[in-house]
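final-v9.txt follows; it contains compact mmCIF, C-alpha atoms.
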# COMPACT_ATOMS: atom_id res chain seq x y z
CA MET X 1 142.06 6.90 -38.33
CA LYS X 2 143.03 10.23 -37.14
CA HIS X 3 140.70 10.20 -34.20
CA LEU X 4 141.79 6.79 -33.13
CA LYS X 5 145.15 8.22 -33.28
CA HIS X 6 144.76 11.46 -31.22
CA LEU X 7 140.22 4.35 -33.88
CA LEU X 8 140.72 -1.23 -38.79
CA GLY X 9 139.72 4.58 -37.88
CA ILE X 10 136.80 3.45 -35.55
CA ALA X 11 138.89 3.56 -32.63
CA LEU X 12 139.03 0.11 -31.27
CA PHE X 13 137.13 1.02 -27.94
CA THR X 14 132.36 5.51 -17.76
CA ILE X 15 131.17 2.87 -16.02
CA ALA X 16 132.10 3.31 -12.35
CA ALA X 17 135.25 1.51 -11.29
CA GLY X 18 134.68 -1.98 -10.06
CA THR X 19 131.42 -2.76 -11.84
CA VAL X 20 131.21 -5.88 -13.92
CA TYR X 21 131.09 -3.71 -17.04
CA GLY X 22 134.27 -1.85 -16.27
CA CYS X 23 137.84 -2.69 -17.13
CA ASN X 24 139.04 -4.96 -14.29
CA LEU X 25 140.68 -2.84 -11.62
CA LYS X 26 142.20 -5.61 -9.52
CA PRO X 27 146.00 -5.67 -9.55
CA ARG X 28 147.51 -8.66 -11.29
CA GLU X 29 150.61 -10.62 -10.46
CA TYR X 30 153.19 -11.58 -13.06
CA GLN X 31 156.03 -14.05 -12.91
CA ASN X 32 159.37 -12.61 -13.91
CA THR X 33 160.67 -15.14 -16.38
CA ALA X 34 161.98 -12.57 -18.83
CA LEU X 35 165.67 -11.84 -19.34
CA ILE X 36 164.91 -8.19 -18.67
CA THR X 37 161.98 -7.31 -16.45
CA LYS X 38 159.18 -5.17 -17.88
CA SER X 39 156.95 -2.95 -15.80
CA ILE X 40 153.48 -4.21 -15.01
CA ALA X 41 152.03 -1.42 -17.11
CA ASP X 42 153.69 -2.93 -20.19
CA LYS X 43 152.61 -6.50 -19.46
CA PRO X 44 149.62 -7.80 -21.41
CA ALA X 45 146.56 -7.78 -19.17
CA LYS X 46 143.97 -10.52 -19.08
CA GLN X 47 141.59 -8.05 -20.64
CA TYR X 48 141.17 -8.19 -24.38
CA VAL X 49 140.03 -5.86 -27.08
CA LYS X 50 138.39 -8.16 -29.64
CA VAL X 51 137.59 -6.70 -33.05
CA ALA X 52 135.89 -8.64 -35.85
CA LEU X 53 136.08 -7.01 -39.27
CA LEU X 54 133.38 -8.18 -41.69
CA LEU X 55 134.29 -6.89 -45.15
CA ASP X 56 132.18 -6.98 -48.28
CA THR X 57 134.40 -8.38 -51.07
CA SER X 58 131.96 -8.06 -53.94
CA ASN X 59 133.05 -6.39 -57.19
CA SER X 60 132.55 -2.80 -56.06
CA MET X 61 134.63 -3.11 -52.89
CA ASP X 62 138.22 -2.92 -54.13
CA GLY X 63 138.57 0.53 -52.61
CA LEU X 64 137.40 -0.70 -49.20
CA ILE X 65 139.92 -3.56 -49.21
CA ASN X 66 142.72 -1.22 -50.20
CA GLN X 67 141.85 1.13 -47.35
CA ALA X 68 141.87 -1.78 -44.90
CA LYS X 69 145.30 -2.91 -46.13
CA ALA X 70 146.72 0.58 -45.88
CA GLN X 71 145.25 1.45 -42.51
CA LEU X 72 145.61 -1.76 -40.48
CA TRP X 73 148.78 -0.41 -38.91
CA ASP X 74 147.15 2.86 -37.86
CA ILE X 75 144.67 0.87 -35.82
CA VAL X 76 147.37 -1.28 -34.23
CA ASN X 77 149.48 1.75 -33.41
CA GLU X 78 146.58 3.49 -31.72
CA PHE X 79 146.01 0.52 -29.43
CA THR X 80 149.61 0.63 -28.30
CA TYR X 81 148.51 3.49 -26.03
CA ALA X 82 145.31 1.90 -24.65
CA LYS X 83 145.05 1.23 -20.90
CA CYS X 84 142.60 -0.52 -18.63
CA GLY X 85 141.48 1.11 -15.40
CA ASN X 86 144.35 -0.52 -13.49
CA GLU X 87 146.89 1.00 -15.90
CA ALA X 88 147.57 -2.41 -17.46
CA ARG X 89 147.63 -2.73 -21.23
CA PRO X 90 144.87 -4.80 -22.88
CA SER X 91 145.75 -7.38 -25.52
CA LEU X 92 144.43 -6.79 -29.03
CA GLN X 93 142.89 -9.56 -31.13
CA ILE X 94 141.53 -9.11 -34.65
CA ALA X 95 139.35 -11.47 -36.69
CA LEU X 96 138.52 -11.10 -40.37
CA TYR X 97 135.56 -12.27 -42.45
CA GLU X 98 134.72 -11.69 -46.08
CA TYR X 99 131.22 -11.89 -47.50
CA GLY X 100 129.32 -11.20 -50.72
CA ASN X 101 131.87 -12.82 -53.04
CA ASP X 102 130.78 -15.26 -55.78
CA ASN X 103 133.94 -17.29 -55.23
CA LEU X 104 132.65 -18.27 -51.80
CA ALA X 105 130.35 -21.23 -51.15
CA SER X 106 126.67 -20.41 -51.72
CA ASN X 107 125.60 -22.94 -49.07
CA GLU X 108 127.67 -20.93 -46.57
CA GLY X 109 125.88 -17.72 -47.55
CA TYR X 110 128.88 -16.46 -49.54
CA ILE X 111 130.70 -16.03 -46.23
CA ARG X 112 134.23 -17.08 -45.22
CA GLN X 113 136.20 -16.75 -42.02
CA VAL X 114 139.53 -15.48 -43.27
CA ILE X 115 141.15 -15.62 -39.82
CA GLY X 116 139.77 -16.14 -36.32
CA PHE X 117 140.78 -13.95 -33.40
CA SER X 118 144.53 -13.51 -33.61
CA SER X 119 147.25 -11.25 -32.26
CA ASP X 120 149.67 -12.39 -35.01
CA LEU X 121 149.97 -9.11 -36.87
CA ASP X 122 151.94 -10.56 -39.77
CA GLU X 123 149.31 -13.23 -40.38
CA ILE X 124 146.49 -10.69 -40.18
CA SER X 125 148.31 -8.58 -42.75
CA GLU X 126 148.88 -11.62 -44.97
CA LYS X 127 145.17 -12.50 -44.88
CA LEU X 128 144.14 -8.95 -45.72
CA PHE X 129 146.45 -8.91 -48.72
CA SER X 130 145.02 -12.25 -49.90
CA LEU X 131 141.53 -10.81 -50.35
CA THR X 132 140.15 -10.37 -53.86
CA THR X 133 136.77 -9.09 -55.01
CA ASN X 134 134.07 -10.71 -57.14
CA GLY X 135 130.35 -9.95 -57.46
CA GLY X 136 127.90 -11.76 -55.19
CA GLU X 137 125.06 -11.58 -52.68
CA GLU X 138 125.71 -9.65 -49.47
CA TYR X 139 123.93 -11.13 -46.46
CA CYS X 140 124.72 -8.81 -43.54
CA GLY X 141 122.56 -10.53 -40.93
CA GLN X 142 124.04 -13.93 -41.77
CA VAL X 143 127.68 -12.83 -41.63
CA ILE X 144 127.10 -11.17 -38.25
CA GLN X 145 125.43 -14.31 -36.91
CA THR X 146 128.22 -16.50 -38.34
CA SER X 147 130.88 -14.46 -36.57
CA LEU X 148 128.94 -14.69 -33.30
CA LYS X 149 128.86 -18.49 -33.54
CA GLN X 150 132.33 -19.22 -34.88
CA LEU X 151 134.53 -16.82 -32.94
CA ASP X 152 135.69 -17.29 -29.35
CA TRP X 153 134.38 -14.07 -27.85
CA GLY X 154 135.05 -15.18 -24.27
CA LYS X 155 132.93 -14.50 -21.20
CA ASN X 156 134.91 -11.74 -19.50
CA ALA X 157 132.57 -8.77 -19.01
CA ASP X 158 135.62 -6.48 -18.90
CA ASP X 159 136.62 -7.31 -22.48
CA LEU X 160 135.83 -4.83 -25.22
CA LYS X 161 134.05 -6.80 -27.96
CA MET X 162 133.17 -5.17 -31.28
CA ILE X 163 132.05 -6.04 -34.77
CA PHE X 164 132.67 -3.70 -37.68
CA ILE X 165 130.71 -4.61 -40.80
CA ALA X 166 131.30 -2.69 -44.03
CA GLY X 167 129.43 -2.90 -47.33
CA ASN X 168 127.20 -1.07 -49.79
CA GLU X 169 124.09 -3.21 -50.35
CA PRO X 170 120.87 -3.12 -48.26
CA PHE X 171 121.39 -4.43 -44.73
CA THR X 172 118.18 -6.44 -45.11
CA GLN X 173 119.39 -8.95 -47.71
CA GLY X 174 119.31 -12.68 -46.95
CA LYS X 175 117.02 -15.07 -45.09
CA LEU X 176 118.45 -14.30 -41.64
CA ASN X 177 116.93 -11.10 -40.29
CA TYR X 178 119.61 -8.60 -39.31
CA ARG X 179 117.54 -7.62 -36.25
CA ASP X 180 117.84 -11.14 -34.84
CA ALA X 181 121.60 -11.13 -35.40
CA SER X 182 121.98 -7.73 -33.74
CA ILE X 183 119.89 -8.78 -30.73
CA ASN X 184 122.04 -11.93 -30.37
CA ALA X 185 125.14 -9.76 -30.42
CA LYS X 186 123.79 -7.46 -27.73
CA GLU X 187 122.99 -10.44 -25.50
CA LYS X 188 126.67 -11.43 -25.75
CA ASP X 189 127.79 -7.88 -24.89
CA ILE X 190 129.10 -7.41 -28.44
CA VAL X 191 128.63 -4.04 -30.12
CA VAL X 192 127.88 -3.99 -33.85
CA ASN X 193 129.18 -0.96 -35.74
CA THR X 194 128.10 -0.49 -39.34
CA ILE X 195 130.04 1.23 -42.12
CA PHE X 196 128.03 2.01 -45.23
CA CYS X 197 130.17 2.56 -48.30
CA GLY X 198 128.20 5.32 -49.95
CA ASN X 199 125.78 8.14 -49.24
CA TYR X 200 124.92 8.69 -45.56
CA GLU X 201 121.15 9.00 -46.11
CA GLN X 202 121.10 5.94 -48.40
CA GLY X 203 122.73 3.90 -45.63
CA ILE X 204 120.01 4.98 -43.24
CA SER X 205 117.21 4.07 -45.67
CA THR X 206 118.75 0.63 -46.30
CA LYS X 207 118.84 -0.07 -42.53
CA TRP X 208 122.58 0.15 -41.88
CA LYS X 209 122.02 2.66 -39.11
CA ASN X 210 119.29 0.54 -37.50
CA GLY X 211 121.64 -2.47 -37.51
CA ALA X 212 124.07 -0.51 -35.35
CA THR X 213 121.52 1.21 -33.12
CA LEU X 214 120.07 -2.11 -31.94
CA THR X 215 123.34 -2.89 -30.10
CA GLY X 216 124.33 0.63 -29.09
CA GLY X 217 126.85 0.73 -31.88
CA GLU X 218 127.71 3.50 -34.31
CA TYR X 219 126.65 4.00 -37.90
CA MET X 220 129.10 5.57 -40.31
CA ALA X 221 129.17 6.29 -44.02
CA ILE X 222 132.48 6.51 -45.92
CA ASP X 223 133.71 7.06 -49.44
CA HIS X 224 135.40 3.68 -49.86
CA ASN X 225 136.93 4.73 -53.18
CA ARG X 226 138.67 7.72 -51.70
CA GLN X 227 142.42 7.74 -52.13
CA VAL X 228 144.10 7.26 -48.76
CA VAL X 229 146.19 10.35 -48.07
CA HIS X 230 149.52 9.88 -46.34
CA ILE X 231 151.85 12.71 -45.37
CA ASP X 232 155.53 12.07 -45.96
CA THR X 233 157.81 13.26 -43.17
CA PRO X 234 161.57 13.84 -42.81
CA TYR X 235 161.74 10.84 -40.47
CA ASP X 236 160.26 8.16 -42.75
CA ASP X 237 163.44 6.96 -44.48
CA VAL X 238 165.28 6.58 -41.18
CA ILE X 239 162.40 4.58 -39.67
CA ILE X 240 162.34 2.22 -42.66
CA LYS X 241 166.10 1.66 -42.36
CA LEU X 242 165.74 0.96 -38.65
CA ASN X 243 163.04 -1.59 -39.50
CA SER X 244 165.62 -3.60 -41.49
CA LYS X 245 167.90 -3.59 -38.46
CA LEU X 246 164.97 -4.60 -36.28
CA ASN X 247 164.36 -7.69 -38.43
CA ASN X 248 167.92 -8.81 -37.74
CA THR X 249 167.14 -9.12 -34.02
CA TYR X 250 164.62 -11.92 -34.63
CA ILE X 251 165.95 -15.42 -33.90
CA SER X 252 163.65 -17.89 -35.61
CA TYR X 253 163.51 -21.44 -34.29
CA GLY X 254 161.98 -24.64 -35.65
CA ALA X 255 160.11 -25.13 -38.93
CA LEU X 256 157.50 -22.55 -37.93
CA GLY X 257 160.23 -20.01 -37.31
CA ARG X 258 161.60 -20.29 -40.83
CA GLU X 259 158.09 -19.86 -42.25
CA LYS X 260 157.21 -16.90 -40.04
CA LYS X 261 160.51 -15.11 -40.63
CA MET X 262 159.79 -15.26 -44.35
CA MET X 263 156.24 -14.00 -43.73
CA GLN X 264 157.64 -11.06 -41.79
CA GLU X 265 159.74 -10.03 -44.77
CA ILE X 266 156.88 -10.55 -47.25
CA GLN X 267 154.54 -8.33 -45.24
CA ASP X 268 157.25 -5.67 -45.10
CA SER X 269 157.37 -5.85 -48.90
CA ASN X 270 153.57 -5.69 -49.19
CA ALA X 271 153.53 -2.52 -47.12
CA VAL X 272 156.28 -0.90 -49.19
CA GLU X 273 154.49 -1.77 -52.44
CA MET X 274 151.33 -0.03 -51.25
CA GLU X 275 153.18 3.12 -50.30
CA PRO X 276 156.31 3.99 -48.29
CA ALA X 277 154.13 5.64 -45.61
CA VAL X 278 152.37 2.32 -45.03
CA ALA X 279 155.77 0.68 -44.52
CA VAL X 280 156.58 3.37 -41.96
CA LYS X 281 153.38 2.68 -40.02
CA ARG X 282 154.07 -1.07 -40.08
CA SER X 283 157.60 -0.41 -38.77
CA ILE X 284 156.11 1.57 -35.91
CA SER X 285 153.75 -1.31 -35.09
CA LYS X 286 156.73 -3.67 -35.04
CA SER X 287 158.41 -1.45 -32.47
CA SER X 288 155.43 -1.73 -30.11
CA ARG X 289 154.35 -4.18 -27.42
CA LEU X 290 151.61 -5.53 -29.69
CA TYR X 291 154.08 -7.08 -32.13
CA LYS X 292 154.79 -10.27 -30.21
CA ASN X 293 156.12 -13.46 -31.80
CA SER X 294 156.81 -15.93 -28.99
CA LYS X 295 155.83 -18.94 -31.14
CA TRP X 296 158.75 -18.51 -33.51
CA ASP X 297 161.19 -15.92 -32.16
CA LEU X 298 163.55 -16.89 -29.33
CA VAL X 299 163.79 -13.36 -27.91
CA ASP X 300 160.04 -13.12 -27.33
CA ALA X 301 159.81 -16.80 -26.32
CA VAL X 302 162.51 -16.48 -23.67
CA GLU X 303 160.88 -13.35 -22.35
CA ASP X 304 157.79 -15.46 -21.67
CA SER X 305 159.77 -18.36 -20.20
CA GLU X 306 163.48 -19.23 -20.20
CA THR X 307 162.59 -22.91 -20.09
CA VAL X 308 162.02 -22.79 -23.85
CA LEU X 309 165.79 -23.03 -24.31
CA GLU X 310 165.90 -26.29 -22.37
CA GLU X 311 163.21 -27.80 -24.59
CA LEU X 312 164.85 -27.02 -27.93
CA ASP X 313 166.80 -29.60 -29.89
CA ASP X 314 169.93 -28.49 -31.72
CA GLU X 315 168.17 -29.04 -35.06
CA ASP X 316 165.53 -26.48 -34.09
CA LEU X 317 168.13 -23.75 -33.65
CA PRO X 318 169.13 -21.32 -36.39
CA THR X 319 172.52 -21.88 -38.02
CA GLU X 320 174.29 -19.26 -35.91
CA LEU X 321 173.36 -21.06 -32.66
CA LYS X 322 173.96 -24.68 -33.63
CA GLY X 323 176.66 -26.30 -31.49
CA LYS X 324 176.65 -23.46 -28.95
CA THR X 325 176.53 -24.07 -25.21
CA ASP X 326 173.44 -23.14 -23.19
CA LYS X 327 175.33 -20.21 -21.72
CA GLU X 328 176.37 -18.95 -25.14
CA ILE X 329 172.83 -19.25 -26.49
CA LYS X 330 171.36 -17.42 -23.52
CA GLN X 331 173.89 -14.60 -23.91
CA TYR X 332 173.20 -14.36 -27.65
CA VAL X 333 169.46 -14.08 -27.02
CA GLN X 334 169.99 -11.43 -24.37
CA ASP X 335 172.25 -9.42 -26.67
CA LYS X 336 169.60 -9.52 -29.42
CA LYS X 337 166.94 -8.47 -26.93
CA MET X 338 168.95 -5.44 -25.84
CA GLU X 339 169.68 -4.55 -29.46
CA ARG X 340 165.96 -4.82 -30.31
CA GLU X 341 164.89 -2.62 -27.42
CA LYS X 342 167.39 0.03 -28.47
CA ILE X 343 166.10 0.03 -32.07
CA GLN X 344 162.47 0.03 -30.93
CA LYS X 345 163.13 3.07 -28.76
CA GLN X 346 164.77 4.86 -31.67
CA ILE X 347 161.72 4.18 -33.85
CA GLN X 348 159.33 5.32 -31.14
CA ASP X 349 161.30 8.52 -30.55
CA LEU X 350 161.30 9.27 -34.28
CA ASN X 351 157.59 8.52 -34.44
CA THR X 352 156.92 11.14 -31.77
CA LYS X 353 158.58 13.70 -34.02
CA ARG X 354 156.78 12.25 -37.06
CA GLU X 355 153.37 12.59 -35.45
CA ALA X 356 154.09 16.17 -34.45
CA TYR X 357 155.08 16.94 -38.06
CA ILE X 358 151.87 15.32 -39.39
CA ALA X 359 149.69 17.18 -36.88
CA LYS X 360 151.20 20.45 -38.04
CA ASN X 361 150.84 19.75 -41.77
CA GLN X 362 147.70 17.65 -42.09
CA LYS X 363 144.30 19.09 -42.89
CA GLU X 364 141.32 17.57 -41.10
CA GLU X 365 139.59 15.00 -43.31
CA THR X 366 136.59 12.75 -42.86
CA GLY X 367 135.16 9.71 -44.58
CA GLU X 368 138.08 7.28 -44.45
CA LEU X 369 137.77 3.80 -42.96
CA GLU X 370 140.43 4.65 -40.43
CA ASN X 371 138.63 7.67 -39.03
CA ALA X 372 135.37 5.75 -38.80
CA LEU X 373 136.92 2.83 -36.95
CA LEU X 374 139.01 4.80 -34.52
CA SER X 375 136.24 7.17 -33.55
CA ALA X 376 133.79 4.36 -32.75
CA ILE X 377 136.36 2.33 -30.85
CA LYS X 378 137.34 5.13 -28.51
CA ASN X 379 133.76 6.05 -27.78
CA GLN X 380 132.88 2.46 -26.88
CA ALA X 381 136.12 1.88 -24.99
CA ALA X 382 135.36 4.79 -22.67
CA LYS X 383 132.20 3.02 -21.52
CA LYS X 384 134.37 0.19 -20.16
CA ASN X 385 136.88 2.44 -18.47
CA TYR X 386 139.57 2.16 -21.15
CA LYS X 387 141.67 5.22 -21.76
CA TRP X 388 144.56 6.36 -23.91
CA ASP X 389 147.92 7.85 -22.92
If you took the structure in this file and wrote it as structure tokens, what would it be?
Amino acid sequence: MKHLKHLLGIALFTIAAGTVYGCNLKPREYQNTALITKSIADKPAKQYVKVALLLDTSNSMDGLINQAKAQLWDIVNEFTYAKCGNEARPSLQIALYEYGNDNLASNEGYIRQVIGFSSDLDEISEKLFSLTTNGGEEYCGQVIQTSLKQLDWGKNADDLKMIFIAGNEPFTQGKLNYRDASINAKEKDIVVNTIFCGNYEQGISTKWKNGATLTGGEYMAIDHNRQVVHIDTPYDDVIIKLNSKLNNTYISYGALGREKKMMQEIQDSNAVEMEPAVAVKRSISKSSRLYKNSKWDLVDAVEDSETVLEELDDEDLPTELKGKTDKEIKQYVQDKKMEREKIQKQIQDLNTKREAYIAKNQKEETGELENALLSAIKNQAAKKNYKWD
């Protein structure tokens, strides 16, 4: 994921300005309902980057799943810096499918939608960590076609829409011809990128490259069993400590809030258990604009609309806000917002130093899922007038 950084490595994604294939260049208007106004450049645009990850979860794919778990946050962090042609920031949505697992229903083609398009980063992480492997039949054409039918890809020609399918069996398996699925994807302006887990030439002979070429996508081969290499930096421990302080700025409300606050902590723990460096990358994602939790956190919810406070019953409030006046609640939320922004800035500033340290000490490597994803994403994004800071 180095090239996505400098794209779950494939970088998530020049047509002349103003064409229907370009990032929308018309200025957009935003209502200021936030406690503290954000610049238009930081407001989510109505353009989306939509990425569907189709992962083979047969017996031999444990390494691939581990790479995806470890490198999700690299992908998210890279998209923090993505811009449309009008300087607005696109919203990122990720969907996840697993296929080729004997535990899945045979009448469904051993295919399961793990999560549809979502910007809930904690839930995406939770679903990734729930994946297990078991031998099965890998039907690439069918899983591509299933994702085309089930997911809400939208009709905006400015959106960047990509499928990344990874596996190690012939692309030709199954009753549904992969060529038909790829042609259907192209008709919907969706690019299919293929990641063969094994030898580059073997992937070509088993039609993985052809599956990508049909849509203008990229073919890549990776060593899915390669150990993900992370470089520890002098700033990591401080960032992790700041992440704990960041969690204390979240004001959960309602039953969903209690559930999501617990999920936030569990995904922090999952990241730490993989490796401290993964926890650092997750902390950086949580300090970015893409970590948005309006459905359960009052700070983010009020930023979208202050009317949410008027609609809440006292029983929906956390213990520290029960019995408080509207004025006191509003002040409390604003204080937490200011505290959060301060911590987020500290994390971002430390990350700038961290990235400089990594760039100085890291040797160039190829073959990881991250590098594959980020590279493809940036190449395809440029065709729709996306750019990176």
Could you give me the centre and size, in Å to one decimal, of an axis-aligned box around all listed atoms of segment 44-58 of chain X with 5 Å added on every side, as AutoDock Vina command-line options?
--center_x 140.8 --center_y -8.2 --center_z -36.5 --size_x 27.7 --size_y 14.7 --size_z 44.9
(request) Using all atoms listed in the file, find the one residue out of X:Thr213, X:Asn107, X:Gln173, X:Ser252 that sits nearest to Tyr139 of chain X. (result)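 For Tyr139 of chain X, the nearest of the candidates is X:Gln173.
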(request) Check the smallest atom-to-atom distance from each of X:Asn103, X:Ser294, X:Asn184, X:Ser60 to Gly141 of chain X using only C-alpha atoms, then report the winner. (result) X:Asn184
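As for atom CA of Asn243 of chain X and atom CA of Leu256 of chain X, they are spaced 21.7 Å apart.
Distances here use only C-alpha atoms; by that measure, the residue among X:Leu148, X:Leu64, X:Ile284, X:Ala221 closest to Glu355 of chain X is X:Ile284.
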Against segment 322-337 of chain X, which residues of segment 185-255 of chain X fall within 9 Å? For each one I want the closest pair of atoms and the distance in Å (one decimal), counting only C-alpha atoms, rows by chain and increasing residue number, as JSON lines.
{"residue": "X:Asn248", "atom": "CA", "partner": "X:Lys336", "partner_atom": "CA", "distance": 8.5}
{"residue": "X:Thr249", "atom": "CA", "partner": "X:Lys336", "partner_atom": "CA", "distance": 5.2}
{"residue": "X:Tyr250", "atom": "CA", "partner": "X:Lys336", "partner_atom": "CA", "distance": 7.6}
{"residue": "X:Ile251", "atom": "CA", "partner": "X:Val333", "partner_atom": "CA", "distance": 7.8}
(request) Check the smallest atom-to-atom distance from each of X:Glu303, X:Asp102, X:Asp316, X:Asp56 to Pro170 of chain X using only C-alpha atoms, then report the winner. (result)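 When distances to Pro170 of chain X are compared using only C-alpha atoms, the smallest one comes from X:Asp56.
Counting all atoms listed in the file and comparing X:Val280, X:Leu131, X:Ala359, X:Ala52, the residue that lies closest to Val192 of chain X is X:Ala52.
Among the candidate residues X:Ala70, X:Val143, X:Glu126, X:Ser285, the one lying nearest to Met262 of chain X is X:Glu126, with distances computed using all atoms listed in the file.
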(request) Could you please determine the separation between atom CA of Ile347 of chain X and atom CA of Ser287 of chain X in Å, to one decimal place? (result) 6.7 Å
(request) Give me, please, the distance in Å between atom CA of Val302 of chain X and atom CA of Pro90 of chain X, quoted to one decimal. (result)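 One can read the atom CA of Val302 of chain X to atom CA of Pro90 of chain X distance as 21.2 Å.
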(request) Please identify all polymer residues within 10 Å of Lys69 of chain X, counting all atoms listed in the file, omitting same-chain residues fewer than 6 positions from it, and present them as a list in words. (result)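 In the requested format, the answer is Leu8, Gly63, Ile124, Ser125, Glu126, Lys127, Leu128, Phe129, Leu131, Asn270, Ala271, Met274 and Val278 of chain X.
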Could you save those same residues with C-alpha atoms as a CSV table (one decimal), in the coordinates of the input?
chain,number,residue,atom,x,y,z
X,8,LEU,CA,140.7,-1.2,-38.8
X,63,GLY,CA,138.6,0.5,-52.6
X,124,ILE,CA,146.5,-10.7,-40.2
X,125,SER,CA,148.3,-8.6,-42.8
X,126,GLU,CA,148.9,-11.6,-45.0
X,127,LYS,CA,145.2,-12.5,-44.9
X,128,LEU,CA,144.1,-9.0,-45.7
X,129,PHE,CA,146.4,-8.9,-48.7
X,131,LEU,CA,141.5,-10.8,-50.4
X,270,ASN,CA,153.6,-5.7,-49.2
X,271,ALA,CA,153.5,-2.5,-47.1
X,274,MET,CA,151.3,0.0,-51.2
X,278,VAL,CA,152.4,2.3,-45.0
